[in-house]
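Source file: work-v8.csv; contents: CSV, C-alpha atoms.
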```
chain,number,residue,atom,x,y,z
A,1,MET,CA,73.1,125.2,167.7
A,2,GLU,CA,70.6,124.9,170.5
A,3,GLU,CA,69.2,127.9,172.3
A,4,ILE,CA,67.0,127.6,175.5
A,5,GLY,CA,65.6,130.3,177.7
A,6,ILE,CA,65.2,129.5,181.4
A,7,GLN,CA,62.8,131.3,183.7
A,8,ALA,CA,65.3,131.0,186.5
A,9,SER,CA,68.8,132.3,187.4
A,10,PRO,CA,70.9,129.3,188.5
A,11,LYS,CA,74.6,129.8,189.1
A,12,ARG,CA,76.7,129.4,186.0
A,13,ILE,CA,78.6,126.5,187.5
A,14,GLU,CA,75.3,124.7,188.2
A,15,LEU,CA,74.3,125.0,184.6
A,16,VAL,CA,77.7,123.9,183.3
A,17,LYS,CA,77.8,120.8,185.6
A,18,PHE,CA,74.2,119.8,184.7
A,19,ILE,CA,74.7,120.1,181.0
A,20,HIS,CA,78.0,118.3,181.2
A,21,SER,CA,76.2,115.5,183.1
A,22,LEU,CA,73.8,115.1,180.2
A,23,PHE,CA,76.6,114.8,177.6
A,24,SER,CA,79.5,113.6,179.8
A,25,SER,CA,81.3,111.8,177.1
A,26,LYS,CA,81.9,115.1,175.3
A,27,ASP,CA,84.3,117.9,176.4
A,28,LEU,CA,82.4,121.0,177.2
A,29,MET,CA,83.9,124.4,176.5
A,30,ASN,CA,82.6,126.9,179.1
A,31,TRP,CA,82.7,130.0,176.8
A,32,LYS,CA,82.2,133.3,178.5
A,33,GLY,CA,81.5,135.4,175.5
A,34,ASN,CA,84.9,135.7,173.8
A,35,PHE,CA,87.7,133.4,173.0
A,36,GLU,CA,90.4,135.4,174.8
A,37,LYS,CA,89.9,133.2,177.8
A,38,THR,CA,88.0,129.9,177.5
A,39,TYR,CA,87.7,126.9,179.8
A,40,ILE,CA,87.2,123.2,179.3
A,41,PHE,CA,85.0,121.7,182.0
A,42,ASN,CA,86.2,118.2,182.9
A,43,GLY,CA,83.3,117.1,185.0
A,44,VAL,CA,84.7,118.6,188.2
A,45,GLU,CA,86.3,122.0,187.4
A,46,ASN,CA,87.1,124.4,184.7
A,47,ILE,CA,90.5,124.2,183.2
A,48,GLU,CA,91.8,127.2,181.3
A,49,ASN,CA,92.3,126.4,177.6
A,50,ARG,CA,95.5,128.2,176.7
A,51,ASP,CA,95.6,127.1,173.1
A,52,SER,CA,92.9,129.1,171.3
A,53,HIS,CA,93.7,127.4,168.0
A,54,SER,CA,93.4,123.8,169.4
A,55,ASN,CA,91.3,121.2,167.6
A,56,PHE,CA,88.5,121.2,170.1
A,57,SER,CA,85.9,118.5,169.3
A,58,GLY,CA,83.4,118.9,172.1
A,59,PHE,CA,80.4,121.2,172.6
A,60,ALA,CA,80.7,124.9,173.5
A,61,LEU,CA,78.4,126.4,176.1
A,62,GLN,CA,77.4,130.0,176.3
A,63,ILE,CA,75.3,131.4,179.1
A,64,GLU,CA,74.0,134.9,179.1
A,65,SER,CA,71.5,137.0,180.9
A,66,ASN,CA,68.3,138.0,179.1
A,67,GLU,CA,65.9,140.9,179.7
A,68,SER,CA,62.8,138.8,179.1
A,69,GLU,CA,60.9,136.6,181.6
A,70,PHE,CA,63.4,133.9,180.6
A,71,SER,CA,66.2,135.6,182.4
A,72,THR,CA,68.9,133.1,181.5
A,73,LYS,CA,69.8,132.1,177.9
A,74,VAL,CA,71.8,128.9,177.3
A,75,THR,CA,73.3,128.3,173.9
A,76,LEU,CA,75.0,125.0,173.0
A,77,LEU,CA,77.3,125.4,170.0
A,78,ARG,CA,79.3,123.0,167.9
A,79,THR,CA,76.6,120.4,167.9
A,80,ASP,CA,75.4,118.2,165.0
A,81,GLU,CA,72.7,120.0,163.2
A,82,LYS,CA,71.0,116.8,162.2
A,83,HIS,CA,69.0,116.4,165.4
A,84,SER,CA,69.3,120.0,166.7
A,85,GLU,CA,65.5,120.5,167.2
A,86,GLU,CA,65.3,117.3,169.2
A,87,ARG,CA,68.4,118.1,171.2
A,88,GLU,CA,66.9,121.6,172.0
A,89,LEU,CA,63.7,120.0,173.2
A,90,PHE,CA,65.6,117.4,175.3
A,91,LEU,CA,67.6,120.2,176.9
A,92,ALA,CA,64.5,122.4,177.6
A,93,LEU,CA,62.7,119.5,179.2
A,94,LYS,CA,65.8,118.5,181.3
A,95,LEU,CA,66.5,122.1,182.4
A,96,SER,CA,62.8,122.8,183.3
A,97,GLU,CA,62.8,119.7,185.4
A,98,LYS,CA,66.2,120.3,187.1
A,99,PHE,CA,65.5,124.0,188.0
A,100,ASN,CA,61.7,123.6,188.5
A,101,CYS,CA,60.9,126.5,186.1
A,102,ARG,CA,59.6,127.3,182.6
A,103,THR,CA,61.9,127.0,179.6
A,104,ILE,CA,61.4,128.2,176.1
A,105,ILE,CA,62.8,127.1,172.7
A,106,SER,CA,62.0,127.9,169.1
A,107,GLY,CA,59.1,126.0,167.6
A,108,PRO,CA,60.1,123.0,165.5
A,109,GLU,CA,60.0,123.4,161.7
A,110,ASN,CA,57.1,120.9,161.3
A,111,LEU,CA,54.9,123.1,163.6
A,112,ALA,CA,56.0,126.6,162.7
A,113,ASP,CA,53.2,128.2,160.8
A,114,HIS,CA,54.6,131.6,161.7
A,115,PRO,CA,58.1,132.8,162.7
A,116,TYR,CA,57.0,133.6,166.3
A,117,LEU,CA,56.0,130.1,167.4
A,118,SER,CA,57.9,128.9,170.5
A,119,LEU,CA,57.5,125.9,172.7
A,120,ILE,CA,57.3,126.5,176.5
A,121,ILE,CA,58.0,123.6,178.9
A,122,GLU,CA,56.5,123.7,182.4
A,123,LYS,CA,56.2,120.8,184.8
A,124,GLY,CA,56.7,118.3,182.1
A,125,LYS,CA,54.1,119.7,179.8
A,126,ILE,CA,54.8,121.2,176.4
A,127,PHE,CA,52.9,124.3,175.3
A,128,VAL,CA,52.8,126.3,172.1
A,129,GLY,CA,53.7,129.9,172.7
A,130,ASP,CA,53.4,133.1,170.6
A,131,ASP,CA,56.5,135.3,171.1
A,132,SER,CA,55.6,138.1,168.7
A,133,GLY,CA,55.7,141.5,170.3
A,134,THR,CA,57.6,140.1,173.3
A,135,VAL,CA,61.0,140.8,174.9
A,136,TRP,CA,62.0,137.2,174.2
A,137,GLY,CA,61.0,137.3,170.5
A,138,ASP,CA,61.5,140.9,169.4
A,139,GLY,CA,63.5,142.6,172.2
A,140,ASN,CA,60.6,144.6,173.5
A,141,GLY,CA,56.9,144.2,174.4
A,142,SER,CA,55.2,141.9,176.9
A,143,GLU,CA,55.6,138.2,178.0
A,144,VAL,CA,55.3,135.2,175.7
A,145,LYS,CA,51.7,134.1,175.4
A,146,ILE,CA,50.8,130.4,175.8
A,147,THR,CA,48.2,129.4,173.2
A,148,LYS,CA,47.7,125.6,173.8
A,149,GLU,CA,49.2,122.5,175.3
A,150,ILE,CA,50.5,119.9,172.8
A,151,LYS,CA,51.7,116.3,172.9
A,152,MET,CA,55.1,115.6,171.3
A,153,ASN,CA,57.6,112.8,171.2
A,154,ARG,CA,60.2,113.3,173.9
A,155,PRO,CA,63.7,112.7,172.5
A,156,ASP,CA,66.5,111.0,174.4
A,157,PHE,CA,70.2,111.4,173.8
A,158,ASP,CA,73.3,109.4,174.7
A,159,LEU,CA,76.2,110.9,176.6
A,160,ASN,CA,77.8,111.9,173.3
A,161,GLY,CA,74.8,114.0,172.3
A,162,ASN,CA,73.5,111.6,169.8
A,163,LEU,CA,69.8,110.9,169.4
A,164,LYS,CA,68.8,107.6,171.0
A,165,LYS,CA,65.0,107.5,170.7
A,166,ALA,CA,61.9,109.5,171.2
A,167,SER,CA,58.9,108.6,173.4
A,168,CYS,CA,55.6,110.1,174.3
```

Whole structure, structure tokens version:
Amino acid sequence: MEEIGIQASPKRIELVKFIHSLFSSKDLMNWKGNFEKTYIFNGVENIENRDSHSNFSGFALQIESNESEFSTKVTLLRTDEKHSEERELFLALKLSEKFNCRTIISGPENLADHPYLSLIIEKGKIFVGDDSGTVWGDGNGSEVKITKEIKMNRPDFDLNGNLKKASC
């Protein structure tokens, strides 16, 4: 599972189309919070999935409002956990670029010296953030604090959502 906060409020269909374009070889279930009514995005339109017990093999996408400065929360479900941190960073970088805004993700395990470490992406740069005592991290408080800029490998993924490479 990958979870990204976006400091913008794009239309839902814009997000669905953009994320589908990144992983266009996968079906994308456009999940609206319950499985009573789900849709499969085929690259052009949402098609209602009438078989809730189908063997769906693509990714599921959940988009929700958030009360923090990152007003849109995007969650990609049913992904391979093997490269989840890299996929999350890839998506945060791509969403920040596409919507010209800040994005936030959980800090990677190899950097997390405390549970409130986040990464913030802005204008192609990656920053370490402290989300303790914030609406994003705890549900109340102030905004996430940037502590420093860092250099990290930038992962790349194929259209199936598989890791291709990482570059600086």

Using only C-alpha atoms, which residues sit within 12 Å of Lys82 of chain A once same-chain residues fewer than 5 positions away are excluded, as a JSON list (two decimals) with C-alpha atoms, in the frame of the given file?
```
[["chain", "number", "residue", "atom", "x", "y", "z"],
["A", 1, "MET", "CA", 73.10, 125.20, 167.70],
["A", 2, "GLU", "CA", 70.60, 124.90, 170.50],
["A", 87, "ARG", "CA", 68.40, 118.10, 171.20],
["A", 88, "GLU", "CA", 66.90, 121.60, 172.00],
["A", 161, "GLY", "CA", 74.80, 114.00, 172.30],
["A", 162, "ASN", "CA", 73.50, 111.60, 169.80],
["A", 163, "LEU", "CA", 69.80, 110.90, 169.40]]
```

Problem - Option closest in space to Thr75 of chain A, from A:Gln62, A:Ser142, A:Asn42, A:Ser9 [counting all atoms listed in the file] - result: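 Closest to Thr75 of chain A, using all atoms listed in the file: A:Gln62.
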
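The two atoms in question, atom CA of Leu77 of chain A and atom CA of His114 of chain A, are spaced 25.0 Å apart.
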
Exercise for the section: Measure the distance from atom CA of Asn100 of chain A to atom CA of Lys123 of chain A in Å and round it to one decimal. Expected result: 7.2 Å

Problem - Residue nearest Tyr39 of chain A among A:Ser25, A:Ile19, A:Phe90, A:Leu61 (counting all atoms listed in the file) - result: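 Of A:Ser25, A:Ile19, A:Phe90, A:Leu61, the one nearest Tyr39 of chain A, counting all atoms listed in the file, is A:Leu61.
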
Handout entry: atom CA of Glu85 of chain A to atom CA of Pro108 of chain A, straight-line distance in Å
Key =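 Value for the atom CA of Pro108 of chain A-atom CA of Glu85 of chain A distance: 6.2 Å.
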
Handout entry: From A:Phe23, A:Trp136, A:Phe99, A:Phe157, residue lying nearest Glu69 of chain A [all atoms listed in the file]
Key = A:Trp136

Handout entry: Counting all atoms listed in the file, the residue of A:Leu93, A:Ile120, A:Ile6, A:Val16 that sits nearest Pro155 of chain A
Key =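 Residue with the minimum atom-to-atom distance to Pro155 of chain A: A:Leu93.
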
Exercise for the section: Using only C-alpha atoms, give me every residue within 6 Å of (87.6, 128.6, 178.0) in file coordinates, as a PyMOL selection string. Expected result: chain A and resi 29-31+37-40+48-49

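Here the question is which of A:Leu91, A:Ile47, A:Asp27, A:Ser68 gets nearest to Gly141 of chain A using only C-alpha atoms, and that residue is A:Ser68.
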
Practice task
Dig up all the protein and nucleic acid residues within 12 Å of (65.7, 133.7, 179.6) in the file frame, using only C-alpha atoms, and format them as JSON, numbers by chain.
Solution key: {"A": [3, 4, 5, 6, 7, 8, 9, 10, 63, 64, 65, 66, 67, 68, 69, 70, 71, 72, 73, 74, 75, 92, 95, 96, 101, 102, 103, 104, 105, 120, 135, 136, 137, 139, 143, 144]}

List the neighbours of segment 127-130 of chain A out to 9 Å using all atoms listed in the file; skip same-chain residues closer than 5 positions along the sequence, and give me the result as a compact mmCIF listing (two decimals) with C-alpha atoms, keeping the file's coordinate frame.
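Generated file (around.txt):
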```txt
# COMPACT_ATOMS: atom_id res chain seq x y z
CA ILE A 104 61.40 128.20 176.10
CA GLY A 107 59.10 126.00 167.60
CA TYR A 116 57.00 133.60 166.30
CA LEU A 117 56.00 130.10 167.40
CA SER A 118 57.90 128.90 170.50
CA LEU A 119 57.50 125.90 172.70
CA ILE A 120 57.30 126.50 176.50
CA ILE A 121 58.00 123.60 178.90
CA GLU A 122 56.50 123.70 182.40
CA GLY A 137 61.00 137.30 170.50
CA VAL A 144 55.30 135.20 175.70
CA LYS A 145 51.70 134.10 175.40
CA ILE A 146 50.80 130.40 175.80
CA THR A 147 48.20 129.40 173.20
CA LYS A 148 47.70 125.60 173.80
CA GLU A 149 49.20 122.50 175.30
CA ILE A 150 50.50 119.90 172.80
CA LYS A 151 51.70 116.30 172.90
```

Output segment 82-105 of chain A as a PDB file, in the frame of the given file, making sure N, CA and C atoms are there.
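The result, written out as rebuild_25.pdb:
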```
ATOM      1  N   LYS A  82      72.001 117.780 162.603  1.00  0.00           N
ATOM      2  CA  LYS A  82      71.000 116.800 162.200  1.00  0.00           C
ATOM      3  C   LYS A  82      69.872 116.596 163.129  1.00  0.00           C
ATOM      4  N   HIS A  83      70.106 116.625 164.422  1.00  0.00           N
ATOM      5  CA  HIS A  83      69.000 116.400 165.400  1.00  0.00           C
ATOM      6  C   HIS A  83      68.966 117.622 166.364  1.00  0.00           C
ATOM      7  N   SER A  84      69.219 118.795 165.837  1.00  0.00           N
ATOM      8  CA  SER A  84      69.300 120.000 166.700  1.00  0.00           C
ATOM      9  C   SER A  84      67.934 120.303 167.346  1.00  0.00           C
ATOM     10  N   GLU A  85      66.828 120.210 166.620  1.00  0.00           N
ATOM     11  CA  GLU A  85      65.500 120.500 167.200  1.00  0.00           C
ATOM     12  C   GLU A  85      65.211 119.525 168.345  1.00  0.00           C
ATOM     13  N   GLU A  86      65.521 118.257 168.148  1.00  0.00           N
ATOM     14  CA  GLU A  86      65.300 117.300 169.200  1.00  0.00           C
ATOM     15  C   GLU A  86      66.171 117.501 170.398  1.00  0.00           C
ATOM     16  N   ARG A  87      67.441 117.836 170.150  1.00  0.00           N
ATOM     17  CA  ARG A  87      68.400 118.100 171.200  1.00  0.00           C
ATOM     18  C   ARG A  87      67.930 119.344 172.037  1.00  0.00           C
ATOM     19  N   GLU A  88      67.421 120.345 171.327  1.00  0.00           N
ATOM     20  CA  GLU A  88      66.900 121.600 172.000  1.00  0.00           C
ATOM     21  C   GLU A  88      65.744 121.231 172.893  1.00  0.00           C
ATOM     22  N   LEU A  89      64.801 120.426 172.414  1.00  0.00           N
ATOM     23  CA  LEU A  89      63.700 120.000 173.200  1.00  0.00           C
ATOM     24  C   LEU A  89      64.118 119.184 174.422  1.00  0.00           C
ATOM     25  N   PHE A  90      65.025 118.257 174.196  1.00  0.00           N
ATOM     26  CA  PHE A  90      65.600 117.400 175.300  1.00  0.00           C
ATOM     27  C   PHE A  90      66.181 118.316 176.367  1.00  0.00           C
ATOM     28  N   LEU A  91      66.999 119.290 175.970  1.00  0.00           N
ATOM     29  CA  LEU A  91      67.600 120.200 176.900  1.00  0.00           C
ATOM     30  C   LEU A  91      66.575 121.034 177.668  1.00  0.00           C
ATOM     31  N   ALA A  92      65.591 121.553 176.940  1.00  0.00           N
ATOM     32  CA  ALA A  92      64.500 122.400 177.600  1.00  0.00           C
ATOM     33  C   ALA A  92      63.763 121.559 178.597  1.00  0.00           C
ATOM     34  N   LEU A  93      63.432 120.323 178.268  1.00  0.00           N
ATOM     35  CA  LEU A  93      62.700 119.500 179.200  1.00  0.00           C
ATOM     36  C   LEU A  93      63.585 119.180 180.447  1.00  0.00           C
ATOM     37  N   LYS A  94      64.840 118.851 180.235  1.00  0.00           N
ATOM     38  CA  LYS A  94      65.800 118.500 181.300  1.00  0.00           C
ATOM     39  C   LYS A  94      66.016 119.752 182.234  1.00  0.00           C
ATOM     40  N   LEU A  95      66.240 120.923 181.615  1.00  0.00           N
ATOM     41  CA  LEU A  95      66.500 122.100 182.400  1.00  0.00           C
ATOM     42  C   LEU A  95      65.265 122.572 183.169  1.00  0.00           C
ATOM     43  N   SER A  96      64.087 122.443 182.579  1.00  0.00           N
ATOM     44  CA  SER A  96      62.800 122.800 183.300  1.00  0.00           C
ATOM     45  C   SER A  96      62.666 121.890 184.507  1.00  0.00           C
ATOM     46  N   GLU A  97      62.930 120.611 184.341  1.00  0.00           N
ATOM     47  CA  GLU A  97      62.800 119.700 185.400  1.00  0.00           C
ATOM     48  C   GLU A  97      63.845 119.955 186.532  1.00  0.00           C
ATOM     49  N   LYS A  98      65.087 120.129 186.140  1.00  0.00           N
ATOM     50  CA  LYS A  98      66.200 120.300 187.100  1.00  0.00           C
ATOM     51  C   LYS A  98      65.986 121.603 187.921  1.00  0.00           C
ATOM     52  N   PHE A  99      65.620 122.698 187.275  1.00  0.00           N
ATOM     53  CA  PHE A  99      65.500 124.000 188.000  1.00  0.00           C
ATOM     54  C   PHE A  99      64.089 124.385 188.303  1.00  0.00           C
ATOM     55  N   ASN A 100      63.138 123.444 188.089  1.00  0.00           N
ATOM     56  CA  ASN A 100      61.700 123.600 188.500  1.00  0.00           C
ATOM     57  C   ASN A 100      61.203 124.983 187.956  1.00  0.00           C
ATOM     58  N   CYS A 101      61.318 125.171 186.643  1.00  0.00           N
ATOM     59  CA  CYS A 101      60.900 126.500 186.100  1.00  0.00           C
ATOM     60  C   CYS A 101      60.451 126.229 184.619  1.00  0.00           C
ATOM     61  N   ARG A 102      59.933 127.292 184.040  1.00  0.00           N
ATOM     62  CA  ARG A 102      59.600 127.300 182.600  1.00  0.00           C
ATOM     63  C   ARG A 102      60.853 127.403 181.795  1.00  0.00           C
ATOM     64  N   THR A 103      60.829 126.780 180.621  1.00  0.00           N
ATOM     65  CA  THR A 103      61.900 127.000 179.600  1.00  0.00           C
ATOM     66  C   THR A 103      61.195 127.291 178.294  1.00  0.00           C
ATOM     67  N   ILE A 104      61.953 127.866 177.376  1.00  0.00           N
ATOM     68  CA  ILE A 104      61.400 128.200 176.100  1.00  0.00           C
ATOM     69  C   ILE A 104      62.427 127.883 174.983  1.00  0.00           C
ATOM     70  N   ILE A 105      61.931 127.398 173.851  1.00  0.00           N
ATOM     71  CA  ILE A 105      62.800 127.100 172.700  1.00  0.00           C
ATOM     72  C   ILE A 105      61.963 127.566 171.432  1.00  0.00           C
TER      73      ILE A 105
END
```
